[in-house]
Every structure is written in structure tokens, then in C-alpha cells.
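K.L.:
Supplied in C-alpha cells, the structure appears directly below.
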Amino acid sequence: MQTEKIEIDNSGQGITRALEEAERFAASIKLDKKGSFHLRLLAEEALGMVRAVVGEFKAVFWLEWRDSIFSWSNNGTCALHIDASVDLSYPGKREFLSLSTEGRNSAPRGIMEKIRELVEAGLYGLEESLKFQTEYGAGILDYGTLGMMDGGMSQAFYSWSMQKYKESVAGTKTGDKVAAEAWDELEKSVIANIADEVRVGVRRGSVELVIVKEFER
């Protein structure tokens, strides 16, 4: 079960409609008040990140629901998808990245800012996005998927997983100032505390963001 795909962009087009669709979807899959609130928060976080991406691009937003594989359970998993693409020539990418780098001298703060930067770099230049593999825990040629709900991610040049990032940070946070700060960001993040997984997949000229949350009904 999934919603229709809604066109959005970082000028604000489709954002309100996407949030309204998230609320309707929560009602249609019979989430309780807490579940509906959490789904709305996840949608707000994802769409807010879209608004913060530099440059002009188009994207589509939709939600998907899968029932539990256990017949006796009313639980299920919801996946929030944002597929973004940009049509820039290589010289255009280089010019954009030059301007973007000059305009952003400070390191991104917060996990959604890191995700936003991954999305930006993936949209505007694969070469630049690969530099985040070490800093943000992204793995080149990581063909991991989120199961049937995320089959398109298998076509990624690389993908970033919030859970893998958490594991990496948790393993080095003691005695490491940078890792300790990253862990503090995760503990304060709405999306890191609500979502079960967030994955960013980069393909040529496009980026797929998937946020997964298991709900009890």
C-alpha cells in the first residue's frame, strides 16, 4: 500500500500537500495518536531538509506501508521516500560546487544537516560526495538494501545508512572528541530517535532518501 507520488522542490512546491498526505496516510493505516505524530515529525524533518538543499532540483515524495509478515500481528513498517534529481552539465556542477563551498565554511551541525549535505553532494557531483565516506560513514559500492521496500537502492553508486553511522560513532565515542560530539548530535536528533533506519542512495544525477519506521497498531 502506498500513496501517490507528490512532486516537491526546495522552493516549497508540494511541501504542504506532502505533509497533508502523511496525515491522511497515518489515518488510512490506522496509526494511533502517537504513531501519527511520529510519522508527521519524520515527514517534517525530511521535507525541512529538502527546503535547505542549495540549488534548484525536483523530487517526488511518497509513503509506503507493509504489514507484518506475522499473520497474528497488526504491526507494520512505513517507508518515507524522497527521490531527487537535477539536470546539470558537468561544468555546471563544478560551478555550483565552487559557489557552494565558498558559501559554506562551517561544518554541518546535526544529523539532518549531514544528510542534507550528503544529498546535495550526491545531486551535484559524485566525486565530491565520495569524500564523505569516511567522515559520515558512507560506504562506496555498498549495495545493502532495506528489503523489498527499498529495491531501487541496489542500483546506488554508494549508500549511507544511519544505523551503520550510529554503530561507527558508538564504537569510537569514548575518548574521541569528534565522535563524542557526533553521538551527542544523534541523541538530540528527532529523526535519529524516532526512525529505525535512514538511508541515502546516490546514483548518477539523482539521490534517494528513505526513512523507515516500524509501527505498532
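Convention: chains lettered A, B, ... in C-alpha cells order; per-chain residue numbering from 1; ligands numbered from 1 as shown.
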Excluding Arg40 in chain A and its own-chain neighbours fewer than 2 positions away, which residues fall within 12 Å of it when counting only C-alpha atoms? Please give them as a PyMOL selection string.
P.N.:
chain A and resi 16+18-27+31+33-38+42-48+63+78+80+190-191+194-195+213
K.L.:
Expressed in Å to a single decimal, how great is the separation between CA of Ser11 in chain A and CA of Arg203 in chain A?
P.N.:
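That distance, rounded to one decimal, is 23.0 Å.
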K.L.:
Write out as a ChimeraX atom specification the residues lying within 6 Å of range 3-8 of chain A, counting only C-alpha atoms and excluding same-chain residues fewer than 5 positions away.
P.N.:
/A:13-14,59-63
K.L.:
Give me the range 6-101 of chain A side of the contact with range 198-202 of chain A, cut-off 10 Å, one line per residue showing its nearest atom pair and distance in Å at one decimal, counting only C-alpha atoms, sorted by chain and residue number, as a tab-separated table.
P.N.:
```
residue	atom	partner	partner_atom	distance
A:Ala79	CA	A:Val198	CA	9.5
A:Leu80	CA	A:Val198	CA	9.4
A:His81	CA	A:Arg199	CA	9.9
A:Ile82	CA	A:Val200	CA	9.6
A:Asp83	CA	A:Gly201	CA	9.5
A:Ala84	CA	A:Val202	CA	9.9
```
K.L.:
Produce a file of the selected residues containing N, CA and C atoms, as a CSV table (one decimal), in the first residue's frame.
P.N.:
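Dumped everything to out-v9.csv:
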```
chain,number,residue,atom,x,y,z
A,79,ALA,N,7.7,3.3,5.1
A,79,ALA,CA,8.9,3.9,4.5
A,79,ALA,C,8.5,5.2,3.8
A,80,LEU,N,9.2,6.2,4.1
A,80,LEU,CA,9.0,7.5,3.5
A,80,LEU,C,10.1,7.7,2.5
A,81,HIS,N,9.7,8.0,1.3
A,81,HIS,CA,10.6,8.1,0.2
A,81,HIS,C,10.7,9.5,-0.4
A,82,ILE,N,11.9,10.0,-0.7
A,82,ILE,CA,12.1,11.2,-1.4
A,82,ILE,C,13.2,10.9,-2.5
A,83,ASP,N,12.8,10.9,-3.8
A,83,ASP,CA,13.7,10.7,-4.9
A,83,ASP,C,13.9,12.1,-5.5
A,84,ALA,N,15.2,12.5,-5.6
A,84,ALA,CA,15.5,13.9,-6.1
A,84,ALA,C,16.5,13.7,-7.3
```
K.L.:
Using only C-alpha atoms, can you tell me which of A:Trp183, A:Trp65, A:Phe70, A:Phe57 comes closest to Ile111 in chain A?
P.N.:
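Checking each candidate against Ile111 in chain A, we get A:Trp183 as the closest.
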